[in-house]
>>> print(open('start_18.txt').read())   # compact mmCIF, N, CA and C atoms
# COMPACT_ATOMS: atom_id res chain seq x y z
N MET A 1 1.79 6.22 -11.81
CA MET A 1 1.72 5.49 -10.57
C MET A 1 1.24 4.07 -10.81
N LEU A 2 0.35 3.92 -11.77
CA LEU A 2 -0.16 2.59 -12.08
C LEU A 2 0.93 1.71 -12.68
N TYR A 3 1.79 2.30 -13.51
CA TYR A 3 2.88 1.53 -14.11
C TYR A 3 3.89 1.08 -13.07
N LEU A 4 4.15 1.94 -12.09
CA LEU A 4 5.08 1.59 -11.02
C LEU A 4 4.53 0.43 -10.20
N LYS A 5 3.25 0.50 -9.88
CA LYS A 5 2.63 -0.58 -9.11
C LYS A 5 2.66 -1.90 -9.88
N THR A 6 2.39 -1.83 -11.19
CA THR A 6 2.42 -3.03 -12.02
C THR A 6 3.82 -3.61 -12.08
N LEU A 7 4.83 -2.76 -12.21
CA LEU A 7 6.21 -3.22 -12.26
C LEU A 7 6.61 -3.89 -10.94
N ILE A 8 6.21 -3.30 -9.83
CA ILE A 8 6.55 -3.88 -8.53
C ILE A 8 5.85 -5.22 -8.35
N ILE A 9 4.61 -5.34 -8.81
CA ILE A 9 3.90 -6.61 -8.70
C ILE A 9 4.58 -7.69 -9.54
N VAL A 10 5.05 -7.33 -10.74
CA VAL A 10 5.74 -8.30 -11.59
C VAL A 10 7.05 -8.74 -10.94
N VAL A 11 7.81 -7.79 -10.38
CA VAL A 11 9.07 -8.14 -9.70
C VAL A 11 8.79 -9.03 -8.49
N GLN A 12 7.73 -8.72 -7.77
CA GLN A 12 7.39 -9.53 -6.60
C GLN A 12 7.00 -10.95 -7.01
N LEU A 13 6.23 -11.07 -8.06
CA LEU A 13 5.81 -12.40 -8.54
C LEU A 13 7.01 -13.22 -9.00
N LEU A 14 7.91 -12.59 -9.75
CA LEU A 14 9.10 -13.31 -10.23
C LEU A 14 10.02 -13.71 -9.08
N SER A 15 10.17 -12.83 -8.10
CA SER A 15 11.02 -13.19 -6.96
C SER A 15 10.37 -14.30 -6.13
N ALA A 16 9.05 -14.30 -6.00
CA ALA A 16 8.38 -15.37 -5.25
C ALA A 16 8.55 -16.71 -5.95
N LEU A 17 8.38 -16.71 -7.28
CA LEU A 17 8.59 -17.96 -8.03
C LEU A 17 10.04 -18.41 -7.95
N GLY A 18 10.96 -17.46 -7.98
CA GLY A 18 12.38 -17.80 -7.85
C GLY A 18 12.71 -18.40 -6.50
N VAL A 19 12.16 -17.84 -5.44
CA VAL A 19 12.40 -18.39 -4.10
C VAL A 19 11.83 -19.79 -4.01
N ILE A 20 10.64 -20.00 -4.54
CA ILE A 20 10.03 -21.34 -4.50
C ILE A 20 10.89 -22.34 -5.25
N GLY A 21 11.33 -21.97 -6.44
CA GLY A 21 12.16 -22.88 -7.24
C GLY A 21 13.50 -23.18 -6.59
N LEU A 22 14.14 -22.15 -6.03
CA LEU A 22 15.45 -22.37 -5.41
C LEU A 22 15.35 -23.18 -4.12
N VAL A 23 14.28 -23.00 -3.37
CA VAL A 23 14.11 -23.81 -2.17
C VAL A 23 13.89 -25.27 -2.54
N LEU A 24 13.15 -25.51 -3.62
CA LEU A 24 12.94 -26.89 -4.05
C LEU A 24 14.20 -27.52 -4.61
N LEU A 25 15.10 -26.72 -5.17
CA LEU A 25 16.35 -27.26 -5.71
C LEU A 25 17.37 -27.60 -4.64
N GLN A 26 17.30 -26.96 -3.51
CA GLN A 26 18.31 -27.16 -2.48
C GLN A 26 18.15 -28.52 -1.82
N HIS A 27 19.28 -29.05 -1.40
CA HIS A 27 19.28 -30.34 -0.72
C HIS A 27 19.08 -30.12 0.76
N GLY A 28 18.46 -31.08 1.40
CA GLY A 28 18.29 -31.03 2.84
C GLY A 28 19.58 -31.39 3.55
N LYS A 29 19.55 -31.39 4.87
CA LYS A 29 20.76 -31.73 5.65
C LYS A 29 21.14 -33.20 5.50
N GLY A 30 20.19 -34.05 5.24
CA GLY A 30 20.50 -35.47 5.09
C GLY A 30 21.13 -35.81 3.76
N ALA A 31 21.07 -34.92 2.78
CA ALA A 31 21.63 -35.20 1.46
C ALA A 31 23.13 -34.97 1.40
N ASP A 32 23.71 -34.37 2.42
CA ASP A 32 25.15 -34.10 2.41
C ASP A 32 25.96 -35.39 2.49
N MET A 33 25.48 -36.38 3.16
CA MET A 33 26.21 -37.63 3.28
C MET A 33 26.26 -38.35 1.94
N GLY A 34 25.20 -38.29 1.17
CA GLY A 34 25.20 -38.93 -0.15
C GLY A 34 26.15 -38.24 -1.11
N ALA A 35 26.29 -36.92 -0.99
CA ALA A 35 27.21 -36.19 -1.84
C ALA A 35 28.66 -36.52 -1.50
N ALA A 36 28.92 -36.85 -0.26
CA ALA A 36 30.29 -37.17 0.16
C ALA A 36 30.73 -38.51 -0.41
N PHE A 37 29.81 -39.41 -0.68
CA PHE A 37 30.16 -40.72 -1.20
C PHE A 37 30.06 -40.79 -2.71
N GLY A 38 30.06 -39.65 -3.39
CA GLY A 38 30.16 -39.65 -4.84
C GLY A 38 28.84 -39.78 -5.57
N SER A 39 27.85 -39.04 -5.16
CA SER A 39 26.60 -39.09 -5.87
C SER A 39 26.60 -38.17 -7.08
N GLY A 40 27.74 -37.63 -7.42
CA GLY A 40 27.84 -36.82 -8.61
C GLY A 40 27.89 -35.33 -8.34
N ALA A 41 27.76 -34.91 -7.11
CA ALA A 41 27.77 -33.49 -6.79
C ALA A 41 29.16 -32.90 -6.89
N SER A 42 30.21 -33.71 -6.72
CA SER A 42 31.56 -33.18 -6.76
C SER A 42 31.96 -32.78 -8.18
N GLY A 43 31.32 -33.35 -9.16
CA GLY A 43 31.65 -33.00 -10.53
C GLY A 43 30.70 -32.00 -11.14
N SER A 44 29.89 -31.35 -10.32
CA SER A 44 28.91 -30.41 -10.84
C SER A 44 29.57 -29.07 -11.17
N LEU A 45 28.79 -28.15 -11.61
CA LEU A 45 29.28 -26.85 -12.06
C LEU A 45 29.91 -26.06 -10.92
N PHE A 46 29.36 -26.13 -9.71
CA PHE A 46 29.84 -25.32 -8.60
C PHE A 46 30.73 -26.10 -7.64
N GLY A 47 30.97 -27.35 -7.86
CA GLY A 47 31.76 -28.16 -6.94
C GLY A 47 30.90 -28.81 -5.89
N ALA A 48 31.53 -29.46 -4.90
CA ALA A 48 30.78 -30.21 -3.89
C ALA A 48 29.99 -29.30 -2.97
N THR A 49 30.56 -28.19 -2.53
CA THR A 49 29.86 -27.30 -1.62
C THR A 49 29.46 -25.99 -2.29
N GLY A 50 29.90 -25.77 -3.49
CA GLY A 50 29.62 -24.50 -4.16
C GLY A 50 28.17 -24.32 -4.53
N SER A 51 27.50 -25.38 -4.92
CA SER A 51 26.11 -25.23 -5.32
C SER A 51 25.22 -24.87 -4.15
N ALA A 52 25.49 -25.45 -2.99
CA ALA A 52 24.68 -25.13 -1.81
C ALA A 52 24.89 -23.68 -1.40
N ASN A 53 26.12 -23.23 -1.49
CA ASN A 53 26.42 -21.85 -1.13
C ASN A 53 25.78 -20.89 -2.14
N PHE A 54 25.88 -21.18 -3.42
CA PHE A 54 25.29 -20.34 -4.46
C PHE A 54 23.77 -20.30 -4.34
N LEU A 55 23.15 -21.45 -4.15
CA LEU A 55 21.69 -21.50 -4.05
C LEU A 55 21.18 -20.79 -2.80
N SER A 56 21.88 -20.93 -1.69
CA SER A 56 21.42 -20.28 -0.46
C SER A 56 21.58 -18.76 -0.55
N ARG A 57 22.67 -18.29 -1.18
CA ARG A 57 22.84 -16.84 -1.34
C ARG A 57 21.81 -16.27 -2.30
N THR A 58 21.56 -16.98 -3.39
CA THR A 58 20.57 -16.50 -4.36
C THR A 58 19.17 -16.50 -3.74
N THR A 59 18.87 -17.50 -2.94
CA THR A 59 17.58 -17.55 -2.25
C THR A 59 17.45 -16.38 -1.28
N ALA A 60 18.51 -16.07 -0.56
CA ALA A 60 18.48 -14.95 0.38
C ALA A 60 18.28 -13.62 -0.35
N ILE A 61 18.93 -13.45 -1.49
CA ILE A 61 18.78 -12.22 -2.26
C ILE A 61 17.35 -12.09 -2.79
N LEU A 62 16.81 -13.18 -3.33
CA LEU A 62 15.44 -13.13 -3.84
C LEU A 62 14.42 -12.92 -2.71
N ALA A 63 14.69 -13.48 -1.55
CA ALA A 63 13.80 -13.27 -0.41
C ALA A 63 13.84 -11.80 0.03
N ALA A 64 15.01 -11.19 0.00
CA ALA A 64 15.12 -9.77 0.35
C ALA A 64 14.38 -8.90 -0.67
N ILE A 65 14.49 -9.24 -1.96
CA ILE A 65 13.76 -8.51 -3.00
C ILE A 65 12.26 -8.65 -2.79
N PHE A 66 11.81 -9.85 -2.45
CA PHE A 66 10.39 -10.08 -2.18
C PHE A 66 9.92 -9.24 -1.00
N PHE A 67 10.74 -9.18 0.05
CA PHE A 67 10.39 -8.41 1.23
C PHE A 67 10.29 -6.92 0.92
N VAL A 68 11.24 -6.39 0.15
CA VAL A 68 11.24 -4.97 -0.20
C VAL A 68 10.05 -4.64 -1.09
N THR A 69 9.73 -5.49 -2.06
CA THR A 69 8.59 -5.22 -2.94
C THR A 69 7.27 -5.30 -2.16
N THR A 70 7.20 -6.17 -1.18
CA THR A 70 5.99 -6.25 -0.35
C THR A 70 5.80 -4.96 0.44
N LEU A 71 6.89 -4.44 1.01
CA LEU A 71 6.79 -3.18 1.74
C LEU A 71 6.44 -2.03 0.80
N ALA A 72 6.99 -2.02 -0.40
CA ALA A 72 6.68 -0.96 -1.37
C ALA A 72 5.21 -1.01 -1.78
N LEU A 73 4.69 -2.20 -2.02
CA LEU A 73 3.28 -2.32 -2.39
C LEU A 73 2.36 -1.92 -1.23
N THR A 74 2.77 -2.21 -0.02
CA THR A 74 1.98 -1.79 1.14
C THR A 74 1.96 -0.28 1.26
N TYR A 75 3.11 0.35 1.04
CA TYR A 75 3.17 1.81 1.11
C TYR A 75 2.35 2.45 -0.01
N LEU A 76 2.47 1.93 -1.22
CA LEU A 76 1.73 2.50 -2.34
C LEU A 76 0.23 2.25 -2.20
N GLY A 77 -0.15 1.14 -1.59
CA GLY A 77 -1.57 0.84 -1.41
C GLY A 77 -2.21 1.69 -0.34
N SER A 78 -1.44 2.13 0.65
CA SER A 78 -2.01 2.95 1.72
C SER A 78 -1.88 4.44 1.44
N TYR A 79 -1.23 4.81 0.36
CA TYR A 79 -1.04 6.22 0.03
C TYR A 79 -2.34 6.79 -0.52
N LYS A 80 -2.85 7.83 0.15
CA LYS A 80 -4.06 8.50 -0.30
C LYS A 80 -3.69 9.96 -0.57
N PRO A 81 -3.74 10.40 -1.81
CA PRO A 81 -3.40 11.80 -2.09
C PRO A 81 -4.43 12.75 -1.48
N GLN A 82 -3.97 13.90 -1.07
CA GLN A 82 -4.86 14.90 -0.49
C GLN A 82 -5.75 15.47 -1.58
N THR A 83 -7.04 15.49 -1.34
CA THR A 83 -7.96 16.04 -2.32
C THR A 83 -7.97 17.55 -2.19
N SER A 84 -7.92 18.21 -3.30
CA SER A 84 -7.92 19.66 -3.31
C SER A 84 -9.34 20.18 -3.18
N ALA A 85 -9.50 21.24 -2.42
CA ALA A 85 -10.82 21.84 -2.26
C ALA A 85 -11.11 22.84 -3.37
N GLY A 86 -10.18 23.02 -4.25
CA GLY A 86 -10.39 23.94 -5.36
C GLY A 86 -9.93 25.35 -5.02
N VAL A 87 -10.29 26.29 -5.85
CA VAL A 87 -9.87 27.67 -5.66
C VAL A 87 -10.55 28.28 -4.44
N LEU A 88 -11.80 27.96 -4.23
CA LEU A 88 -12.56 28.53 -3.12
C LEU A 88 -12.54 27.64 -1.88
N GLY A 89 -11.57 26.77 -1.78
CA GLY A 89 -11.52 25.83 -0.66
C GLY A 89 -11.30 26.50 0.67
N GLY A 90 -10.61 27.65 0.71
CA GLY A 90 -10.32 28.30 1.97
C GLY A 90 -11.41 29.24 2.44
N VAL A 91 -12.42 29.53 1.62
CA VAL A 91 -13.48 30.47 1.98
C VAL A 91 -14.49 29.76 2.86
N ALA A 92 -14.78 30.37 4.03
CA ALA A 92 -15.75 29.76 4.94
C ALA A 92 -17.16 30.11 4.48
N PRO A 93 -18.10 29.18 4.57
CA PRO A 93 -19.48 29.48 4.17
C PRO A 93 -20.12 30.42 5.18
N VAL A 94 -21.01 31.27 4.68
CA VAL A 94 -21.72 32.23 5.52
C VAL A 94 -22.90 31.51 6.17
N PRO A 95 -23.03 31.59 7.50
CA PRO A 95 -24.16 30.91 8.15
C PRO A 95 -25.48 31.58 7.77
N ALA A 96 -26.55 30.81 7.76
CA ALA A 96 -27.87 31.31 7.33
C ALA A 96 -28.48 32.25 8.35
N SER A 97 -28.11 32.16 9.63
CA SER A 97 -28.73 33.00 10.66
C SER A 97 -28.02 34.32 10.85
N ALA A 98 -27.00 34.63 10.08
CA ALA A 98 -26.28 35.89 10.22
C ALA A 98 -27.14 37.02 9.68
N PRO A 99 -27.13 38.18 10.36
CA PRO A 99 -27.95 39.31 9.89
C PRO A 99 -27.36 39.88 8.60
N ALA A 100 -28.24 40.28 7.70
CA ALA A 100 -27.81 40.86 6.44
C ALA A 100 -27.43 42.31 6.66
N VAL A 101 -26.36 42.76 6.08
CA VAL A 101 -25.88 44.12 6.24
C VAL A 101 -26.36 44.93 5.05
N ALA A 102 -27.02 46.05 5.32
CA ALA A 102 -27.52 46.91 4.25
C ALA A 102 -26.37 47.74 3.68
N ALA A 103 -26.61 48.40 2.59
CA ALA A 103 -25.59 49.19 1.93
C ALA A 103 -25.16 50.37 2.78
N SER A 104 -26.04 50.88 3.64
CA SER A 104 -25.69 52.04 4.47
C SER A 104 -24.87 51.65 5.69
N GLY A 105 -24.73 50.38 5.95
CA GLY A 105 -23.94 49.93 7.08
C GLY A 105 -24.78 49.52 8.25
N ALA A 106 -26.08 49.86 8.27
CA ALA A 106 -26.95 49.47 9.37
C ALA A 106 -27.48 48.08 9.11
N SER A 107 -27.70 47.36 10.17
CA SER A 107 -28.20 46.00 9.99
C SER A 107 -29.70 46.02 9.82
N ALA A 108 -30.18 45.28 8.86
CA ALA A 108 -31.61 45.21 8.58
C ALA A 108 -32.20 44.08 9.39
N PRO A 109 -33.46 44.21 9.79
CA PRO A 109 -34.08 43.13 10.56
C PRO A 109 -34.26 41.88 9.69
N VAL A 110 -33.92 40.77 10.25
CA VAL A 110 -34.03 39.50 9.54
C VAL A 110 -35.08 38.67 10.25
N SER A 111 -36.02 38.15 9.50
CA SER A 111 -37.05 37.32 10.11
C SER A 111 -36.47 35.95 10.42
N ALA A 112 -36.97 35.34 11.48
CA ALA A 112 -36.51 34.02 11.88
C ALA A 112 -36.98 33.00 10.86
N PRO A 113 -36.20 32.01 10.56
CA PRO A 113 -36.62 31.01 9.60
C PRO A 113 -37.79 30.20 10.15
N VAL A 114 -38.68 29.84 9.28
CA VAL A 114 -39.85 29.07 9.66
C VAL A 114 -39.41 27.61 9.84
N ALA A 115 -39.67 27.06 11.01
CA ALA A 115 -39.25 25.71 11.31
C ALA A 115 -40.40 24.74 11.19
N SER A 116 -41.15 24.83 10.10
CA SER A 116 -42.30 23.95 9.94
C SER A 116 -41.87 22.53 9.58
N SER A 117 -40.69 22.40 9.06
CA SER A 117 -40.24 21.06 8.70
C SER A 117 -39.54 20.36 9.84
N ALA A 118 -39.31 21.05 10.96
CA ALA A 118 -38.64 20.45 12.10
C ALA A 118 -39.59 19.46 12.78
N PRO A 119 -39.10 18.39 13.32
CA PRO A 119 -39.97 17.43 13.98
C PRO A 119 -40.59 18.03 15.25
N GLY A 120 -41.85 17.88 15.42
CA GLY A 120 -42.56 18.38 16.59
C GLY A 120 -42.92 19.85 16.49
N ALA A 121 -42.71 20.47 15.35
CA ALA A 121 -43.02 21.90 15.19
C ALA A 121 -44.52 22.14 15.14
N ASP A 122 -45.29 21.19 14.69
CA ASP A 122 -46.73 21.36 14.56
C ASP A 122 -47.48 20.96 15.83
N VAL A 123 -46.78 20.57 16.88
CA VAL A 123 -47.44 20.17 18.12
C VAL A 123 -47.74 21.42 18.93
N PRO A 124 -48.99 21.64 19.36
CA PRO A 124 -49.30 22.83 20.17
C PRO A 124 -48.69 22.72 21.55
N LYS A 125 -48.35 23.90 22.11
CA LYS A 125 -47.72 23.93 23.42
C LYS A 125 -48.70 24.23 24.52
>>> encode(input="start_18.txt", output="structure tokens")
Amino acid sequence: MLYLKTLIIVVQLLSALGVIGLVLLQHGKGADMGAAFGSGASGSLFGATGSANFLSRTTAILAAIFFVTTLALTYLGSYKPQTSAGVLGGVAPVPASAPAVAASGASAPVSAPVASSAPGADVPK
């Protein structure tokens, strides 16, 4: 479980850095006019409009990966496994005030517990 969490954190970190880098690489709306007048974008690897389309799609994919890894980390962080009570987990404890049963089946008299440690027990009535 620890390895899975570490892997998801690494994927989330890489996707966050990728989104930051791709957002910084993209041109704003005002840069389209400069590209139309030959600022060198038409001779690039993706063409005049291809780079904007490629960068925006890649940014959207990395943002989706970041979103999914965030949800996975939230789920894994809130997961609390059920603690086992052990072999005797289903056995109820016997109360102290229950009468003891003798071997013959008759109930033996049980003396009342001394409540000297209870608060106000030493106050005369």
>>> residues_around(input="start_18.txt", residues="Gly18 (chain A)", least_positions_apart="5", cutoff="7 Å", atoms="all atoms listed in the file", output="list in words")
Leu13, Val23, Thr59 and Leu62 of chain A
>>> closest_residue(input="start_18.txt", among="A:Met1, A:Ala63, A:Leu55, A:Val87", to="Ser15 (chain A)", atoms="only N, CA and C atoms")
A:Ala63
>>> residues_around(input="start_18.txt", residues="region 69-72 of chain A", least_positions_apart="2", cutoff="8 Å", atoms="only N, CA and C atoms", output="list in words")
Lys5, Ile8, Ile9, Val11, Gln12, Ala63, Ala64, Ile65, Phe66, Phe67, Thr74, Tyr75, Leu76, Gly77 and Ser78 of chain A
>>> atom_distance(input="start_18.txt", atom1="CA of Leu17 (chain A)", atom2="CA of Leu4 (chain A)")
20.1 Å
>>> atom_distance(input="start_18.txt", atom1="CA of Ala60 (chain A)", atom2="atom N of Leu7 (chain A)")
22.2 Å
>>> atom_distance(input="start_18.txt", atom1="atom C of Val123 (chain A)", atom2="atom N of Ala96 (chain A)")
25.7 Å
